[in-house]
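Trainee: Here it is, the structure in full.
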Amino acid sequence: MELTLLWAALTAVVLAWLGTRIWPEGLPDHPVDRLVGAGAVGLLIGRIAAMAVQGTNPWTNPGDVLVVRGGVHTGAATIGAIATFLWSVRGRTDYLDAIAPAALLGLAGWHGGCLWRGACLGSAADVSWAWSEPGSLIARHPVEIYAALALAAAAWAVSALGKRPLLRSGAALALAGAIRLATEPIRLSITGGAWGWYLGAITIGVLSALLGPKVTASLHRTQLESDLTANETSPGGRSDTPR
Amino acid sequence: MRRTVWVLFVVVLAAACSRSSIDVSAEPDLPELTADAFQGRLEALDRPAVVNVWASWCIPCRSEAPLLKAAHDSYGDEIEFIGVAVQDSQPGAKAFLAEFGLEFDQVFDRSRSIPNSHAGIGTPITFFFAPGGELVRTHNGIIDERGLALGIDELLQSGR
């Protein structure tokens with residue numbers, strides 16, 4: 001990974017850490033470690049998925065896996081990061097809600113890190129705040145800055161939501177997808193962008209936010225029933241008299 | 001745990017060493033061009049050109065090859081794509097092209113005279129030329145999708 005990408009990653013980590021300081025309530029132990037770990041695993045999975053999609057065998061070309069500038073599959077990376085974080089907190093979905101604003105702020109840092117990479121610009125624009133590439137006369141939308149600002153605003157909006165199960169994390173996923181989708185038309189792309197994945201993130205996020213309490217209650221009920229059944233069937237597990 | 005790590009290490013190593021070879025002996029060799037001849041070819045073009053300098057031994061070149069193929073598929077009608085294989089062998093270069101299905105023009109430059117004449121550093125390099133062969137942009141190192149799209153868009157916008 002080249003140095004400019006490392007600077008962008010460092011910006012993401014610093015802003016995620018800041019997020020855990022601004023919204024500390026309900027966080028698991030070592031929240032930044034878990035976020036960074038989940039992000040790194042997500043990046044790895046996303047890179048391997050991108051190689052597979054591009055027709056490069058990750059097994060026969062293991063060195064390519066580290067060349068993240070060759071492309072990272074957005075959807076696979078997101079699923080990998082969320083799954084890794086959930087695994088690291090033993091499936092506690094309430095931790096997903098607690099970390100959601102900090103994760104969005106970290107994502108804002110990753111996009112804002114375009115300033116270190118010289119990679120902020122999108123399609124040509126005729127607006128007063130447009131920038132030009134060094135040596136170019138063509139003004140362009142600073143699309144990564146738009147995304148960073150929108151994600152930072154989304155972090156604050158999500159932190160103000162109630163504490164219903166999966167509400168904050170669902171809203172965070174939906175907003176992250178929506179921001180990418182909204183900025184996609186002014187991004188420069190060869191392959192056309194991951195529109196389907198962004199729409200999928202919005203759908204899953206909205207469904208999680210709306211159905212989260214029901215899903216969580218159902219999971220708890222199933223767990224309770226399972227525990228009761230285990231108690232009833234185990235020797236000495238059930239007794240009419242208190243022990 | 002230690003045994004699992006060793007088994008994984010051996011599997012990865014074995015997989016890495018077992019790269020399948022492609023038979024390219026029947027393929028014609030890539031044409032060799034001097035820097036002057038290459039520049040003459042660029043000057044004769046009436047449309048912009050993207051020139052990618054690569055080698056079959058270069059890992060980042062492998063990563064950007066699918067992107068260049070996609071770019072050629074999308075913009076091949078408006079922009080000339082040319083590959084320059086440097087410090088390579090003919091069989092290695094031909095196997096690389098066959099593996100990634102790169103169908104745009106390629107030249108062979110064992111001595112790196114073409115990138116050196118444009119002050120390109122390392123491998124890979126992507127040069128962007130205006131119609132008539134004027135160099136307008138150089139990207140040293142691996143180019144990502146955004147960088148390639150930006151370079152192409154600058155060429156196309158400048159021509160409008």
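Residue numbers start at 1 in each chain; chains themselves are named A, B, ... in the order of the structure tokens; ligands are numbered from 1 in the order shown.
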Compute the chain A side of the contact with chain B at 7 Å, counting only C-alpha atoms, and hand it back as a short mmCIF file (atom, residue, chain, number, x, y, z; two decimals) with C-alpha atoms, in the first residue's frame.
Mentor:
```cif
data_model
loop_
_atom_site.label_atom_id
_atom_site.label_comp_id
_atom_site.auth_asym_id
_atom_site.auth_seq_id
_atom_site.Cartn_x
_atom_site.Cartn_y
_atom_site.Cartn_z
CA GLN A 54 -11.67 -9.41 -12.69
CA TRP A 59 -4.42 -18.38 -5.01
CA THR A 60 -2.04 -18.26 -7.95
CA ASN A 61 -1.39 -14.52 -7.57
CA PRO A 62 -1.19 -13.99 -3.80
CA GLY A 63 0.98 -10.87 -4.16
CA ASP A 64 -1.84 -9.08 -5.99
CA VAL A 67 -2.29 -4.17 -4.33
CA ARG A 69 -5.34 0.14 -5.73
CA GLY A 70 -6.08 -2.58 -8.26
CA GLY A 71 -9.68 -2.44 -6.98
CA LEU A 188 -15.38 9.15 -12.59
CA SER A 189 -15.59 5.48 -13.34
CA ILE A 190 -14.57 2.95 -15.97
CA THR A 191 -16.69 0.01 -14.88
#
```
Trainee: Can you list every residue of range 89-135 of chain B that has an atom at most 12 Å from range 24-32 of chain B, with its nearest atom pair and the distance in Å to one decimal, using only C-alpha atoms, ordered by chain then number, as CSV?
Mentor:
```
residue,atom,partner,partner_atom,distance
B:Ser89,CA,B:Asp29,CA,9.8
B:Gln90,CA,B:Asp29,CA,6.2
B:Pro91,CA,B:Val24,CA,6.7
B:Gly92,CA,B:Val24,CA,9.0
B:Ala93,CA,B:Leu30,CA,8.2
B:Lys94,CA,B:Val24,CA,6.3
B:Ala95,CA,B:Val24,CA,6.1
B:Phe96,CA,B:Val24,CA,9.7
B:Leu97,CA,B:Val24,CA,9.7
B:Ala98,CA,B:Val24,CA,7.8
B:Glu99,CA,B:Val24,CA,10.2
B:Phe104,CA,B:Leu30,CA,11.9
B:Asp105,CA,B:Leu30,CA,9.2
B:Gln106,CA,B:Leu30,CA,6.5
B:Val107,CA,B:Pro31,CA,5.2
B:Phe108,CA,B:Glu32,CA,4.6
B:Asp109,CA,B:Glu32,CA,6.0
B:Arg110,CA,B:Glu32,CA,8.2
B:Ser111,CA,B:Glu32,CA,10.3
B:Arg112,CA,B:Glu32,CA,11.1
B:Ser113,CA,B:Glu32,CA,11.0
B:Ile114,CA,B:Glu32,CA,10.7
```
Trainee: Could you write out the selected residues, including C-alpha atoms, as a tab-separated table (two decimals), in the first residue's frame?
Mentor:
```tsv
chain	number	residue	atom	x	y	z
B	89	SER	CA	10.88	-11.64	-22.63
B	90	GLN	CA	8.71	-12.23	-25.68
B	91	PRO	CA	7.19	-15.48	-24.26
B	92	GLY	CA	6.52	-13.80	-20.89
B	93	ALA	CA	4.90	-10.77	-22.50
B	94	LYS	CA	2.77	-12.88	-24.84
B	95	ALA	CA	1.60	-15.10	-21.97
B	96	PHE	CA	0.62	-11.99	-19.99
B	97	LEU	CA	-1.44	-10.64	-22.90
B	98	ALA	CA	-3.13	-13.99	-23.42
B	99	GLU	CA	-3.90	-14.35	-19.71
B	104	PHE	CA	-5.14	-3.32	-28.01
B	105	ASP	CA	-1.85	-2.66	-29.84
B	106	GLN	CA	1.34	-3.67	-28.07
B	107	VAL	CA	5.00	-2.95	-28.66
B	108	PHE	CA	8.13	-4.52	-27.17
B	109	ASP	CA	10.81	-2.31	-25.63
B	110	ARG	CA	13.41	-4.40	-23.85
B	111	SER	CA	15.67	-1.41	-23.09
B	112	ARG	CA	12.90	0.90	-21.71
B	113	SER	CA	13.83	3.57	-24.24
B	114	ILE	CA	10.18	4.61	-24.75
```
Trainee: Could you go through chain B and tell me which residues DSSP, when run on the backbone, assigns to strand (DSSP E or B), listing them as a PyMOL selection string?
Mentor: chain B and resi 32+49-54+80-86+105-109+125-129+135-140
Trainee: Taking only C-alpha atoms into account, name the residue in A:Leu181, A:Leu166, A:Ala130, A:Ala8 that is nearest to Trp197 in chain A.
Mentor: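 Of the candidates, the smallest distance to Trp197 in chain A is held by A:Leu181.
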